[in-house]
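Scroll down for the structure; my scribbles are underneath it.
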Amino acid sequence: MARVLAECDKVREGFDADPVHDLRVALRRCRSMADGFQSIDGDPTWTKMRRAGKVVFAALGDLRDTQVLLGWTEQLQDACPPVAMRLKSYCLQREAELKKSAAEAVEAFDTERWRQWAAKLDGRVKAVGSPTEVFQVLALERFEAARDLHRKALRNRGKTAWHELRIGIKKFRYIVENFLPEEHRAWGADLKHMQDALGEVHDMDVLWDTACQINAFASPQERQFWLAAVSRERNLRLQAYRDKMVGRVSLWYEWRSGLPSGERLQRAVLKRFEAWAASLDSDPTHTQTVARFSLELFDPLQAAGLTPRRSAEAVQPRDLLQVAALTLGAGGHTGNRGRHKVSSRLLRKLEIPPGWSETDLLIAALVARYHRGALPSVQKTYAALSSENRHLVDCLGGILRLAESLDNPNGPRIREIAVIQEAGRTCILADGYDPRSKQAEKIAGARLLMEQAFDTALVVRQSPKHSAS
């Protein structure tokens, strides 16, 4: 962010090509950093910084494109000097006009607010840290998006598809460059080379479109000469891309092998949810305790064959419960009233992580929603689920609701729990449980959803350890 301010001073001297490019690069890096840290930090300053940077970045975009065209016109002028001369004249006139609008955008840029944000975000970075496994998940998301764009470009071979692919690879590259130093050392040069090759393909497309737009051809022969020159340069870059990115030994396989998969990916995804929610949680100790109690309730129920089952391809109930438990406090910064609804809404707005579906994220959000407040009933999103998924929400929501009641932040705390099956009932032995307390009354109400969902009687009592003391 400090680099942006320095580049703003340089670009004001004349809005020449190199300073314009350097300022856009600095802004893009800031916005990419914000994109990465937003995945683990819910502070809204990241969004404010990204939006402010985008305004200046976009204002410089047309100017940068025009300056790039000027450079290519000079390089290709021998192919057809009259066409190059007409293009150069047009670009110089347009450059002068765009410098004025770019100057207005830079002057309107609030540098003092930018400095304030920089100081605050520096503190946020120090507070949340830089967990490598979380950024590997983010890199995998960008990788999969870019690879999908690669397949699309190979299918239709259109100008727009190649340009979108370049943007996808650029987003993947910046995440790797900013947050994964080891992977960047191994992949950085190839990523930049592929981005540059596709960028120059786009330059050729814009150069040709501009020549056609201004009718730069005085004869069919000039048009043919210019098209041949542009096509030659374009095809060279496309072939360079294909040589590295198509086939069984393409770079796609190398990059994917260095990113998490299987259980390692599952752990990293959970870590990402946890880090994001912790940045918003007003009582992380309570959340961690509830998450621990939730799994201590779930695991014996699963061992007894009572928990719902899902297909092997779907996110498993235990992971859904853990995400809901770890994120239930994300709405705590808004105050006590309605925080469960806020947590649910925030969770649903997150980017869907690798291996998850929109339905998986919705289920986790609804489980977090029903850890307190009204029971699942006719609410629109809940009612729209399939009967199997509604039952899953009931079961996991019941566990989380009971687990939340077992932790009492304002009085004597239950230290440990154990779950046993006894005479057709599920019995919870709680170390520190007082059957005549206000907490016991809360627990009695909280167990209703779990009893209904699992169709079992539920008893909470003092553990033998507690009774003996």
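A note on labels: chains of the structure tokens are A, B, ... as shown, every chain counts residues from 1, and ligands are counted from 1 in their shown order.
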
Against stretch 142-155 of chain A, which residues of stretch 17-49 of chain A fall within 12 Å? For each one I want the closest pair of atoms and the distance in Å (one decimal), counting only C-alpha atoms, rows by chain and increasing residue number, as JSON lines.
{"residue": "A:Ser32", "atom": "CA", "partner": "A:Arg142", "partner_atom": "CA", "distance": 11.6}
{"residue": "A:Asp35", "atom": "CA", "partner": "A:Arg142", "partner_atom": "CA", "distance": 11.1}
{"residue": "A:Gly36", "atom": "CA", "partner": "A:Arg142", "partner_atom": "CA", "distance": 10.8}

Any idea what's packed within 8 Å of A:Leu396, counting only C-alpha atoms, ignoring anything in its chain fewer than 4 positions away? Could you give it as a short mmCIF file (atom, residue, chain, number, x, y, z; two decimals) with C-alpha atoms, in the first residue's frame?
data_model
loop_
_atom_site.label_atom_id
_atom_site.label_comp_id
_atom_site.auth_asym_id
_atom_site.auth_seq_id
_atom_site.Cartn_x
_atom_site.Cartn_y
_atom_site.Cartn_z
CA PRO A 317 -21.70 -34.77 8.68
CA LEU A 321 -20.95 -29.93 12.27
CA VAL A 367 -26.84 -25.76 11.58
CA LEU A 392 -29.35 -33.82 8.73
CA LEU A 400 -24.84 -28.01 18.41
#

Set the distance at 8 Å and use only C-alpha atoms: which residues neighbour A:Pro435 once local chain neighbours fewer than 4 positions away are removed? I'd like the list as a PDB file with N, CA and C atoms, in the first residue's frame.
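The resulting part-v9.pdb:
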ATOM      1  N   ALA A 440     -28.835 -25.961  34.103  1.00  0.00           N
ATOM      2  CA  ALA A 440     -29.552 -27.226  33.936  1.00  0.00           C
ATOM      3  C   ALA A 440     -30.906 -26.990  33.276  1.00  0.00           C
ATOM      4  N   ARG A 461     -26.592 -35.974  33.320  1.00  0.00           N
ATOM      5  CA  ARG A 461     -26.431 -36.093  34.770  1.00  0.00           C
ATOM      6  C   ARG A 461     -24.967 -35.897  35.151  1.00  0.00           C
ATOM      7  N   GLN A 462     -24.773 -35.732  36.439  1.00  0.00           N
ATOM      8  CA  GLN A 462     -23.414 -35.566  36.930  1.00  0.00           C
ATOM      9  C   GLN A 462     -22.572 -36.803  36.615  1.00  0.00           C
TER      10      GLN A 462
END

*Would you mind writing down, as a PyMOL selection string, each residue of stretch 193-298 of chain A that DSSP on the backbone assigns to helix (DSSP H, G or I)?*
chain A and resi 193-213+220-245+251-257+262-278+284-298

*asked:* So the first atom is atom CA of A:Phe37 and the second is atom CA of A:Ser344; what is the distance between them in Å, to one decimal place?
replied: 20.5 Å

Can you build me a table of stretch 61-87 of chain A residues sitting at most 12 Å from stretch 199-205 of chain A, with the closest atom pair per residue and its distance in Å to one decimal, using only C-alpha atoms, sorted by chain and residue number, as JSON lines?
{"residue": "A:Arg64", "atom": "CA", "partner": "A:Asp203", "partner_atom": "CA", "distance": 11.2}
{"residue": "A:Asp65", "atom": "CA", "partner": "A:Asp203", "partner_atom": "CA", "distance": 8.1}
{"residue": "A:Thr66", "atom": "CA", "partner": "A:Asp203", "partner_atom": "CA", "distance": 10.0}
{"residue": "A:Gln67", "atom": "CA", "partner": "A:Asp203", "partner_atom": "CA", "distance": 10.9}
{"residue": "A:Val68", "atom": "CA", "partner": "A:Asp203", "partner_atom": "CA", "distance": 7.5}
{"residue": "A:Leu69", "atom": "CA", "partner": "A:Asp203", "partner_atom": "CA", "distance": 7.1}
{"residue": "A:Leu70", "atom": "CA", "partner": "A:Asp203", "partner_atom": "CA", "distance": 10.7}
{"residue": "A:Gly71", "atom": "CA", "partner": "A:Asp203", "partner_atom": "CA", "distance": 10.3}
{"residue": "A:Trp72", "atom": "CA", "partner": "A:Asp203", "partner_atom": "CA", "distance": 8.1}
{"residue": "A:Thr73", "atom": "CA", "partner": "A:Met204", "partner_atom": "CA", "distance": 10.1}
{"residue": "A:Gln75", "atom": "CA", "partner": "A:Met204", "partner_atom": "CA", "distance": 11.9}
{"residue": "A:Leu76", "atom": "CA", "partner": "A:Met204", "partner_atom": "CA", "distance": 10.7}

Export C-alpha atoms of the chosen residues as a CSV table (one decimal), in the first residue's frame?
chain,number,residue,atom,x,y,z
A,64,ARG,CA,-2.5,1.5,-20.3
A,65,ASP,CA,-4.2,-0.4,-23.2
A,66,THR,CA,-3.6,2.6,-25.5
A,67,GLN,CA,0.0,2.8,-24.5
A,68,VAL,CA,0.5,-0.9,-25.1
A,69,LEU,CA,-1.0,-0.5,-28.6
A,70,LEU,CA,1.4,2.3,-29.4
A,71,GLY,CA,4.3,0.0,-28.5
A,72,TRP,CA,3.0,-2.8,-30.7
A,73,THR,CA,2.3,-0.4,-33.6
A,75,GLN,CA,7.2,-3.0,-33.4
A,76,LEU,CA,5.0,-4.1,-36.4

*So which residues touch stretch 47-58 of chain A within 6 Å, counting only C-alpha atoms, skipping near sequence neighbours fewer than 3 positions away, as a PyMOL selection string?*
chain A and resi 24+27+31+44+61+105

Residue selection dump (C-alpha atoms) as a CSV table (one decimal), in the first residue's frame:
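Below is the file that was written, out-v6.csv:
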chain,number,residue,atom,x,y,z
A,24,ARG,CA,-1.5,-0.6,-11.9
A,27,LEU,CA,-2.8,-1.6,-7.0
A,31,ARG,CA,-6.2,-5.9,-4.2
A,44,PRO,CA,-14.5,-4.8,6.3
A,61,GLY,CA,-6.9,0.8,-17.7
A,105,ALA,CA,-8.9,9.9,-10.9
